[in-house]
file structure.cif (mmCIF, C-alpha atoms)
data_data
#
loop_
_atom_site.label_atom_id
_atom_site.label_comp_id
_atom_site.auth_asym_id
_atom_site.auth_seq_id
_atom_site.Cartn_x
_atom_site.Cartn_y
_atom_site.Cartn_z
CA MET R 1 116.46 112.56 101.10
CA THR R 2 115.13 109.79 103.33
CA ALA R 3 111.42 110.09 104.07
CA ARG R 4 110.12 110.16 107.63
CA VAL R 5 106.90 108.20 108.04
CA PHE R 6 104.59 108.88 110.98
CA VAL R 7 101.52 106.93 112.05
CA LEU R 8 99.24 108.97 114.28
CA LEU R 9 96.96 107.17 116.72
CA GLY R 10 93.97 108.38 118.65
CA THR R 11 93.14 106.15 121.60
CA LYS R 12 90.94 106.07 124.67
CA LYS R 13 93.97 107.23 126.67
CA GLY R 14 95.57 109.93 124.58
CA ALA R 15 97.43 110.26 121.30
CA PHE R 16 100.44 108.19 120.23
CA ILE R 17 102.91 108.67 117.37
CA LEU R 18 104.95 105.97 115.63
CA GLU R 19 107.88 106.87 113.37
CA SER R 20 109.91 104.98 110.78
CA ASP R 21 111.87 105.66 107.61
CA GLU R 22 110.69 104.90 104.09
CA ARG R 23 111.56 101.20 104.47
CA ARG R 24 108.93 100.92 107.25
CA THR R 25 110.69 97.96 108.86
CA GLY R 26 111.41 99.40 112.31
CA TRP R 27 109.21 101.73 114.35
CA SER R 28 109.62 103.89 117.44
CA LEU R 29 106.65 104.81 119.63
CA LYS R 30 106.01 108.03 121.55
CA GLY R 31 103.14 108.91 123.84
CA PRO R 32 100.66 109.04 125.36
CA PHE R 33 100.08 112.72 124.64
CA CYS R 34 97.18 115.11 125.29
CA GLU R 35 97.19 114.34 129.03
CA THR R 36 95.64 110.94 128.22
CA TRP R 37 92.30 112.52 127.29
CA PRO R 38 90.24 110.29 124.98
CA MET R 39 91.32 111.24 121.46
CA ASN R 40 88.81 110.28 118.78
CA HIS R 41 90.81 111.52 115.78
CA VAL R 42 94.47 112.51 115.33
CA ILE R 43 95.48 113.96 111.96
CA ALA R 44 98.26 115.98 110.35
CA ASP R 45 98.08 118.86 107.92
CA PRO R 46 100.06 117.45 104.97
CA VAL R 47 101.31 120.93 104.01
CA SER R 48 102.51 122.29 107.37
CA GLY R 49 103.09 119.01 109.22
CA THR R 50 101.06 120.34 112.17
CA ILE R 51 99.39 117.57 114.15
CA TYR R 52 95.85 118.02 115.49
CA ALA R 53 94.03 115.76 117.94
CA GLY R 54 90.31 116.00 118.58
CA GLY R 55 88.55 114.47 121.53
CA GLY R 56 87.27 114.96 125.04
CA ASN R 57 84.23 113.63 126.83
CA GLU R 58 81.53 114.76 129.26
CA TRP R 59 84.15 115.10 132.01
CA PHE R 60 86.85 117.05 130.13
CA GLY R 61 84.65 118.75 127.55
CA PRO R 62 85.52 119.01 123.85
CA ALA R 63 88.89 120.29 122.62
CA VAL R 64 91.30 120.19 119.73
CA TRP R 65 94.95 119.69 120.66
CA LYS R 66 97.79 120.96 118.45
CA SER R 67 101.49 120.21 118.04
CA THR R 68 103.78 122.05 115.62
CA ASP R 69 106.88 120.04 116.55
CA LEU R 70 105.78 116.46 115.80
CA GLY R 71 104.45 115.79 119.26
CA THR R 72 107.13 117.30 121.49
CA THR R 73 104.83 120.04 122.83
CA TRP R 74 101.05 120.48 122.70
CA THR R 75 98.44 123.16 123.25
CA HIS R 76 94.68 122.86 123.13
CA SER R 77 91.63 125.04 122.66
CA SER R 78 87.88 124.73 122.88
CA GLU R 79 87.12 128.39 122.16
CA GLY R 80 83.92 128.55 120.13
CA LEU R 81 83.23 124.81 120.32
CA ALA R 82 79.73 125.29 121.68
CA TYR R 83 76.17 125.63 120.50
CA GLN R 84 73.92 128.48 121.49
CA ALA R 85 72.63 128.72 125.05
CA GLY R 86 69.83 126.27 125.66
CA GLU R 87 71.08 123.68 123.18
CA GLU R 88 72.62 120.39 124.24
CA ALA R 89 76.26 120.75 125.27
CA ILE R 90 78.95 119.37 122.98
CA LYS R 91 80.45 116.22 124.51
CA SER R 92 83.51 115.73 122.32
CA VAL R 93 85.20 116.28 118.98
CA TRP R 94 84.86 113.21 116.77
CA SER R 95 86.57 114.06 113.49
CA LEU R 96 88.97 116.55 111.93
CA ALA R 97 89.82 117.52 108.35
CA PRO R 98 92.22 120.18 107.00
CA ARG R 99 91.47 122.04 103.76
CA ASN R 100 93.69 124.81 102.35
CA GLY R 101 94.48 126.44 105.69
CA ARG R 102 91.04 125.82 107.18
CA LEU R 103 90.40 123.10 109.74
CA TYR R 104 87.02 121.39 110.16
CA ALA R 105 85.78 119.55 113.24
CA GLY R 106 82.81 117.22 113.57
CA VAL R 107 81.32 116.96 117.04
CA GLN R 108 78.80 115.12 119.22
CA PRO R 109 75.90 115.86 119.19
CA ALA R 110 76.27 116.11 115.45
CA GLY R 111 77.44 119.43 114.08
CA LEU R 112 80.26 120.97 112.07
CA PHE R 113 82.73 123.66 113.12
CA SER R 114 85.54 125.41 111.27
CA SER R 115 88.72 127.22 112.27
CA ASP R 116 90.81 129.64 110.23
CA ASP R 117 93.49 130.14 112.87
CA GLY R 118 94.88 126.65 113.31
CA GLY R 119 92.39 125.49 115.89
CA ALA R 120 92.77 128.43 118.28
CA SER R 121 89.12 129.43 117.80
CA TRP R 122 86.10 127.86 116.17
CA SER R 123 82.95 128.93 114.34
CA HIS R 124 79.78 126.91 113.99
CA VAL R 125 78.85 125.96 110.41
CA ALA R 126 75.24 126.49 111.34
CA GLY R 127 73.62 125.56 108.05
CA LEU R 128 73.91 121.83 108.73
CA ARG R 129 71.91 121.78 111.98
CA ALA R 130 69.44 124.18 110.35
CA HIS R 131 68.50 121.50 107.81
CA PRO R 132 64.78 120.67 108.13
CA THR R 133 65.54 117.00 108.82
CA ALA R 134 67.74 117.78 111.84
CA PRO R 135 65.01 117.56 114.51
CA ASN R 136 64.45 113.95 113.45
CA TRP R 137 68.07 112.76 113.45
CA GLN R 138 68.53 109.75 115.71
CA PRO R 139 71.73 108.64 117.47
CA GLY R 140 73.62 105.52 116.50
CA GLY R 141 75.26 103.18 118.98
CA ALA R 142 77.98 105.72 119.83
CA GLY R 143 75.57 108.64 119.93
CA LEU R 144 74.61 111.30 117.41
CA ILE R 145 78.07 111.92 115.95
CA LEU R 146 79.51 113.64 112.89
CA HIS R 147 82.38 111.28 112.17
CA SER R 148 83.24 111.74 108.47
CA ILE R 149 84.29 115.04 106.86
CA VAL R 150 85.21 114.81 103.17
CA PRO R 151 86.23 118.09 101.51
CA HIS R 152 86.36 118.17 97.71
CA PRO R 153 90.04 118.27 96.66
CA ASP R 154 89.55 121.06 94.09
CA ASP R 155 86.53 123.06 95.26
CA ALA R 156 86.57 124.40 98.82
CA ASP R 157 82.81 124.96 98.78
CA GLN R 158 81.99 121.27 98.34
CA ILE R 159 81.96 119.03 101.42
CA TRP R 160 80.38 115.68 102.24
CA ILE R 161 79.77 114.65 105.85
CA GLY R 162 78.56 111.46 107.51
CA ILE R 163 76.39 111.36 110.63
CA SER R 164 75.34 108.33 112.62
CA SER R 165 72.45 107.88 112.36
CA ALA R 166 71.30 110.57 109.95
CA GLY R 167 73.20 109.64 106.78
CA VAL R 168 75.34 111.49 104.26
CA PHE R 169 74.83 115.21 103.61
CA TYR R 170 76.44 117.43 100.97
CA THR R 171 77.02 121.16 100.55
CA ALA R 172 78.09 123.03 97.42
CA ASP R 173 78.19 126.48 99.04
CA GLY R 174 80.64 126.09 101.90
CA GLY R 175 78.09 124.88 104.43
CA GLN R 176 75.29 127.42 104.08
CA THR R 177 72.87 124.82 102.70
CA TRP R 178 72.95 121.03 102.73
CA ALA R 179 71.20 118.18 100.94
CA PRO R 180 70.87 114.50 101.90
CA ARG R 181 72.86 112.14 99.67
CA ASN R 182 71.50 108.70 100.60
CA THR R 183 69.67 107.37 97.54
CA GLY R 184 70.34 103.65 97.24
CA THR R 185 71.55 102.98 100.80
CA ARG R 186 69.45 100.66 102.94
CA CYS R 187 68.06 100.79 106.44
CA ASP R 188 67.61 97.08 107.15
CA TYR R 189 66.28 97.87 110.61
CA LEU R 190 63.20 99.64 109.18
CA PRO R 191 60.06 97.98 107.79
CA GLU R 192 60.63 96.73 104.23
CA ALA R 193 58.54 99.48 102.62
CA GLU R 194 60.68 102.14 104.37
CA ARG R 195 64.19 100.75 103.84
CA TYR R 196 65.37 103.46 101.44
CA PRO R 197 64.47 106.75 103.18
CA GLU R 198 65.75 110.21 102.29
CA PHE R 199 67.75 110.32 105.53
CA GLY R 200 68.23 108.25 108.68
CA GLN R 201 70.82 105.78 107.40
CA CYS R 202 73.53 104.66 109.81
CA VAL R 203 76.56 105.59 107.74
CA HIS R 204 79.81 104.35 109.31
CA CYS R 205 82.44 105.90 107.05
CA ILE R 206 82.72 107.81 103.76
CA VAL R 207 85.91 108.42 101.76
CA ILE R 208 86.70 110.04 98.42
CA ALA R 209 88.66 108.37 95.64
CA PRO R 210 91.98 109.92 94.59
CA ASN R 211 92.06 111.51 91.12
CA HIS R 212 88.30 110.89 90.80
CA PRO R 213 86.47 113.36 93.07
CA SER R 214 83.01 112.32 91.96
CA ARG R 215 83.66 108.79 93.30
CA LEU R 216 82.86 108.10 96.93
CA TYR R 217 82.90 104.89 98.93
CA GLN R 218 80.67 104.29 101.95
CA GLN R 219 80.74 101.62 104.63
CA ASN R 220 77.28 101.58 106.14
CA HIS R 221 75.70 99.69 109.01
CA CYS R 222 73.72 98.00 106.23
CA GLY R 223 76.11 97.42 103.36
CA MET R 224 79.11 98.61 101.40
CA TYR R 225 78.52 101.15 98.62
CA ARG R 226 80.13 103.17 95.83
CA SER R 227 78.90 106.36 94.18
CA ASP R 228 80.28 107.73 90.92
CA ASP R 229 78.21 110.93 90.95
CA GLY R 230 79.20 112.59 94.20
CA GLY R 231 76.77 110.65 96.36
CA GLN R 232 73.62 111.40 94.38
CA HIS R 233 73.17 107.66 93.86
CA TRP R 234 74.81 104.73 95.64
CA GLU R 235 75.20 101.15 94.43
CA SER R 236 75.98 98.10 96.55
CA ILE R 237 79.47 96.60 96.21
CA GLU R 238 79.20 94.13 99.09
CA SER R 239 79.00 90.99 96.91
CA GLY R 240 82.07 88.90 97.68
CA LEU R 241 82.52 90.25 101.21
CA PRO R 242 81.94 87.99 104.23
CA SER R 243 79.65 90.54 105.85
CA SER R 244 77.72 93.68 104.98
CA PHE R 245 78.83 95.19 108.30
CA GLY R 246 82.04 97.04 109.15
CA PHE R 247 83.42 100.45 110.00
CA PRO R 248 86.51 101.78 108.16
CA ALA R 249 87.16 102.18 104.43
CA VAL R 250 90.51 103.33 103.08
CA THR R 251 91.32 104.42 99.54
CA HIS R 252 94.64 103.90 97.80
CA PRO R 253 96.60 107.20 97.64
CA ARG R 254 96.69 107.17 93.82
CA ASP R 255 94.35 104.53 92.38
CA PRO R 256 90.62 105.40 92.57
CA SER R 257 89.61 101.76 92.05
CA THR R 258 91.62 100.31 94.95
CA LEU R 259 89.97 100.19 98.36
CA PHE R 260 90.69 98.43 101.66
CA LEU R 261 88.14 97.23 104.27
CA VAL R 262 87.97 95.22 107.48
CA PRO R 263 84.54 93.55 107.52
CA LEU R 264 83.18 92.43 110.88
CA ASN R 265 80.83 89.57 111.59
CA GLY R 266 77.69 91.65 112.09
CA ASP R 267 76.02 94.19 114.30
CA ILE R 268 74.57 91.74 116.83
CA ALA R 269 77.02 88.84 116.45
CA GLY R 270 79.96 90.33 118.36
CA ARG R 271 81.37 92.91 115.93
CA TYR R 272 84.68 91.12 115.50
CA VAL R 273 86.49 89.72 112.47
CA PRO R 274 84.48 86.83 110.94
CA ASP R 275 85.23 83.38 112.38
CA GLY R 276 87.97 84.88 114.56
CA LYS R 277 90.28 85.03 111.53
CA ALA R 278 91.62 88.48 110.65
CA ALA R 279 91.64 89.71 107.07
CA VAL R 280 91.86 93.02 105.26
CA TYR R 281 89.77 92.91 102.10
CA ARG R 282 91.08 94.65 98.99
CA THR R 283 89.44 95.49 95.69
CA ARG R 284 91.34 96.65 92.62
CA ASP R 285 88.25 97.30 90.47
CA GLY R 286 86.03 99.57 92.53
CA GLY R 287 84.28 96.78 94.42
CA THR R 288 83.37 94.28 91.68
CA GLU R 289 85.72 91.68 93.17
CA TRP R 290 87.31 91.40 96.61
CA GLN R 291 90.40 89.58 97.85
CA ALA R 292 91.03 88.61 101.48
CA MET R 293 94.56 89.59 102.53
CA ARG R 294 95.57 87.42 105.51
CA THR R 295 99.33 86.81 105.43
CA GLY R 296 100.77 87.82 108.80
CA LEU R 297 97.39 88.44 110.43
CA PRO R 298 96.11 86.12 113.21
CA GLN R 299 94.02 83.26 111.85
CA GLN R 300 92.62 81.85 115.04
CA ASN R 301 91.09 83.21 118.23
CA ALA R 302 91.05 86.80 116.95
CA PHE R 303 88.03 88.55 118.42
CA PHE R 304 88.91 92.19 117.81
CA GLY R 305 87.29 94.87 115.71
CA VAL R 306 88.62 97.85 113.79
CA LEU R 307 86.68 101.05 114.43
CA ARG R 308 85.45 103.61 111.91
CA GLN R 309 88.54 105.86 111.83
CA ALA R 310 91.16 103.28 112.79
CA MET R 311 92.58 102.51 109.34
CA ALA R 312 94.75 104.57 106.98
CA ALA R 313 97.18 104.51 104.05
CA ASP R 314 100.45 106.36 103.53
CA ARG R 315 101.46 107.92 100.19
CA LEU R 316 104.63 105.94 99.55
CA GLU R 317 105.19 103.47 96.68
CA PRO R 318 104.03 100.82 97.34
CA ALA R 319 101.44 102.27 99.68
CA GLY R 320 101.53 101.34 103.34
CA ILE R 321 98.25 100.30 104.98
CA TYR R 322 97.66 100.48 108.74
CA ALA R 323 94.82 99.08 110.86
CA GLY R 324 94.42 99.59 114.61
CA THR R 325 92.27 97.33 116.73
CA ASN R 326 89.98 97.97 119.67
CA THR R 327 92.31 95.67 121.63
CA GLY R 328 95.30 97.99 121.17
CA THR R 329 97.29 96.38 118.35
CA LEU R 330 98.43 98.22 115.24
CA PHE R 331 98.92 96.08 112.12
CA ALA R 332 100.91 97.42 109.16
CA SER R 333 101.55 96.40 105.58
CA ALA R 334 104.30 98.01 103.49
CA ASP R 335 103.13 96.27 100.29
CA GLU R 336 99.50 97.35 99.87
CA GLY R 337 98.07 94.56 101.99
CA GLU R 338 100.00 91.56 100.66
CA THR R 339 101.76 90.90 103.99
CA TRP R 340 101.20 92.21 107.50
CA THR R 341 103.02 92.60 110.80
CA ASP R 342 102.07 94.07 114.16
CA ILE R 343 104.14 97.19 114.85
CA ALA R 344 102.59 98.16 118.20
CA HIS R 345 100.58 96.28 120.79
CA HIS R 346 99.28 96.60 124.36
CA LEU R 347 98.04 100.11 123.60
CA PRO R 348 94.68 101.46 124.75
CA PRO R 349 91.78 100.79 122.35
CA ILE R 350 92.70 102.48 119.06
CA LEU R 351 90.03 104.91 117.84
CA SER R 352 91.79 106.46 114.85
CA VAL R 353 94.78 105.93 112.56
CA GLU R 354 96.22 108.52 110.18
CA THR R 355 99.60 109.02 108.49
CA LEU R 356 102.09 111.77 107.71
CA VAL R 357 105.08 111.50 105.35
CA LEU R 358 107.78 114.19 105.48
#
call {"tool": "encode", "arguments": {"input": "structure.cif", "output": "C-alpha cells"}}
result
Amino acid sequence: MTARVFVLLGTKKGAFILESDERRTGWSLKGPFCETWPMNHVIADPVSGTIYAGGGNEWFGPAVWKSTDLGTTWTHSSEGLAYQAGEEAIKSVWSLAPRNGRLYAGVQPAGLFSSDDGGASWSHVAGLRAHPTAPNWQPGGAGLILHSIVPHPDDADQIWIGISSAGVFYTADGGQTWAPRNTGTRCDYLPEAERYPEFGQCVHCIVIAPNHPSRLYQQNHCGMYRSDDGGQHWESIESGLPSSFGFPAVTHPRDPSTLFLVPLNGDIAGRYVPDGKAAVYRTRDGGTEWQAMRTGLPQQNAFFGVLRQAMAADRLEPAGIYAGTNTGTLFASADEGETWTDIAHHLPPILSVETLVL
C-alpha cells in the first residue's frame, strides 16, 4: 500500500498541512487552519493519526486544537489550561507531546499540563512549578516557556522537559517530583565562576535518540551537547560546527548516532544562517564529526533562521528531513540531507514542523 506522508506546520497565522506519497516528489498544501490563530506546535498522534495544534496568545488565550480527519474539521478546548487564581495567566501553548493515550502540553509562563481525553480537558502537572528553584526561573528572549517535552519511550513515568531560561528538568514519577539535569551545560552570559549552575541555562531544544533512550541531544543558547546517561551529565559536541548557537535538533528515526542541526550565526549577530549561506549540519557519529549539507539550499543572500521546533524527520527509508524558516519557506530532503528542495514558500513565519506517515 502506498504511504501517505504529511508535513504539519505551525505558523504565526494558523496551521498548514502538506501531503505527498512515499516518493515525496510532489506536494499539495492545505490551510491555514485554526482560524489563523498563532500555532506554536502542530503534531500528530502516530497511533490514531489525530492532529493537535497548540497555540494562542494574550488576545485569544491558550488552546489546543484537534482534527480527527486530517485537517478537514477542527475543534478546540482550553478547559483546565489555567493556573490557580492569583497566578499569572497562561498566554499560550508552546509544545505538545503524545504518550500512550495521554497528551502533554507545555505553556507560557512555563508549566506542564496533561490530558487523558484527547485534549478536551486538561490537568496541571503541579509538581514542576512546585520545584524549589521555580521562583528564580528567568524568561528567555521569547518569555518563560516550556518548549520541549520528551517522554521516555518505554517508561511513562519518565519525562524530560526544557524551559527557557531555566534549563532541563527530569521526573521519574510521572511529574510529582522533578530534578534539574544541567550538569556540563554552560551559561556564557554569567560571570566565569558561575557558568555551570544547577539551573538557569537557556536550553533551546532537547530530543531523545531512537533505540537508545538514555541518549539525549541538546541545542543550547551556549553550545551543542549530548548526554548518554539521561541528562545527568552533558558533554559538548559543538567542535566542527560554525557556531555554538542554534535552535532545532532532529534525530534520525532509527539511528541514535545521526543528528541534524541548523546552526545560526550567533545570538547578537542576526540569528541567521552563517555568512548568508544555508546548510543543514549532519553527524553520523553522535557529534564527533559534522558535515555541512548544502546541495539545493541557497548559498548567497540567505538571511533566515530556523526556529526551535521548525525541523523534523519522517520515518521512511531513507528518512526525509524538513526545515521551515522564519521567512515562510519549507525545505525538504528525501535522502537524509544529501539534497534539498523548497516544497512551500510565501507562508507565514514557520514556528514548528512535524510529520505523520500513514
call {"tool": "resolve_selection", "arguments": {"input": "structure.cif", "expression": "the PyMOL selection byres ((chain R and resi 274-287) around 8)", "output": "PyMOL selection string"}}
result
chain R and resi 226+237-238+241-243+256-265+272-273+288-294+297-303+337
call {"tool": "resolve_selection", "arguments": {"input": "structure.cif", "expression": "the PyMOL selection byres ((chain R and resi 321) around 10)", "output": "PyMOL selection string"}}
result
chain R and resi 250-252+260+280+311-315+318-320+322-323+331-338+340+354-355
call {"tool": "atom_distance", "arguments": {"input": "structure.cif", "atom1": "CA of Gln232 (chain R)", "atom2": "CA of Leu351 (chain R)"}}
result
29.4 Å
call {"tool": "resolve_selection", "arguments": {"input": "structure.cif", "expression": "the PyMOL selection byres ((chain R and resi 72-79) around 9)", "output": "list in words"}}
result
Phe33, Cys34, Ala53, Gly61, Pro62, Ala63, Val64, Trp65, Lys66, Ser67, Thr68, Asp69, Leu70, Gly71, Gly80, Leu81, Ala82, Gly119, Ala120, Ser121, Trp122 and Ser123 of chain R
call {"tool": "atom_distance", "arguments": {"input": "structure.cif", "atom1": "CA of Thr171 (chain R)", "atom2": "CA of Ala130 (chain R)"}}
result
12.8 Å
call {"tool": "closest_residue", "arguments": {"input": "structure.cif", "among": "R:Val168, R:Val150, R:Val357, R:Cys187", "to": "Ile208 (chain R)", "atoms": "all atoms listed in the file"}}
result
R:Val150
call {"tool": "atom_distance", "arguments": {"input": "structure.cif", "atom1": "CA of Trp234 (chain R)", "atom2": "CA of Val93 (chain R)"}}
result
28.0 Å
call {"tool": "residues_around", "arguments": {"input": "structure.cif", "residues": "Ile163 (chain R)", "least_positions_apart": "6", "cutoff": "9 Å", "atoms": "all atoms listed in the file", "output": "count of residues only"}}
result
17
call {"tool": "closest_residue", "arguments": {"input": "structure.cif", "among": "R:His221, R:His345, R:Arg99, R:Arg129", "to": "Ile268 (chain R)", "atoms": "all atoms listed in the file"}}
result
R:His221
call {"tool": "closest_residue", "arguments": {"input": "structure.cif", "among": "R:Trp160, R:Tyr83, R:Tyr189, R:Tyr225", "to": "Ser239 (chain R)", "atoms": "all atoms listed in the file"}}
result
R:Tyr225
call {"tool": "residues_near_point", "arguments": {"input": "structure.cif", "point": "(82.3, 106.7, 104.4)", "cutoff": "8 Å", "atoms": "all atoms listed in the file", "output": "list of chain:residue names"}}
result
R:Ser148, R:Gly162, R:Val203, R:His204, R:Cys205, R:Ile206, R:Val207, R:Leu216, R:Tyr217, R:Gln218, R:Gln219, R:Asn220, R:Pro248, R:Ala249
call {"tool": "closest_residue", "arguments": {"input": "structure.cif", "among": "R:Ser352, R:Val107, R:His124, R:Val306", "to": "Val42 (chain R)", "atoms": "only C-alpha atoms"}}
result
R:Ser352
call {"tool": "residues_around", "arguments": {"input": "structure.cif", "residues": "Glu35 (chain R)", "least_positions_apart": "2", "cutoff": "10 Å", "atoms": "all atoms listed in the file", "output": "list of chain:residue names"}}
result
R:Lys13, R:Gly14, R:Ala15, R:Gly31, R:Pro32, R:Phe33, R:Trp37, R:Pro38, R:Trp74
call {"tool": "closest_residue", "arguments": {"input": "structure.cif", "among": "R:Ala105, R:Ala193, R:Ala3, R:Leu9", "to": "Gly324 (chain R)", "atoms": "all atoms listed in the file"}}
result
R:Leu9
call {"tool": "closest_residue", "arguments": {"input": "structure.cif", "among": "R:Gly230, R:Pro210, R:Pro349, R:Gly184", "to": "Tyr196 (chain R)", "atoms": "only C-alpha atoms"}}
result
R:Gly184
call {"tool": "residues_near_point", "arguments": {"input": "structure.cif", "point": "(109.1, 107.8, 113.5)", "cutoff": "9 Å", "atoms": "only C-alpha atoms", "output": "ChimeraX atom specification"}}
result
/R:4-7,17-21,26-30
call {"tool": "residues_around", "arguments": {"input": "structure.cif", "residues": "Val125 (chain R)", "least_positions_apart": "6", "cutoff": "9 Å", "atoms": "all atoms listed in the file", "output": "list in words"}}
result
Gly111, Leu112, Phe113, Ser114, Gly174, Gly175 and Gln176 of chain R
call {"tool": "residues_around", "arguments": {"input": "structure.cif", "residues": "Thr177 (chain R)", "least_positions_apart": "3", "cutoff": "7 Å", "atoms": "all atoms listed in the file", "output": "PDB file with C-alpha atoms, in the frame of the given file"}}
result
ATOM      1  CA  GLY R 127      73.620 125.560 108.050  1.00  0.00           C
ATOM      2  CA  LEU R 128      73.910 121.830 108.730  1.00  0.00           C
ATOM      3  CA  THR R 171      77.020 121.160 100.550  1.00  0.00           C
ATOM      4  CA  ASP R 173      78.190 126.480  99.040  1.00  0.00           C
TER       5      ASP R 173
END
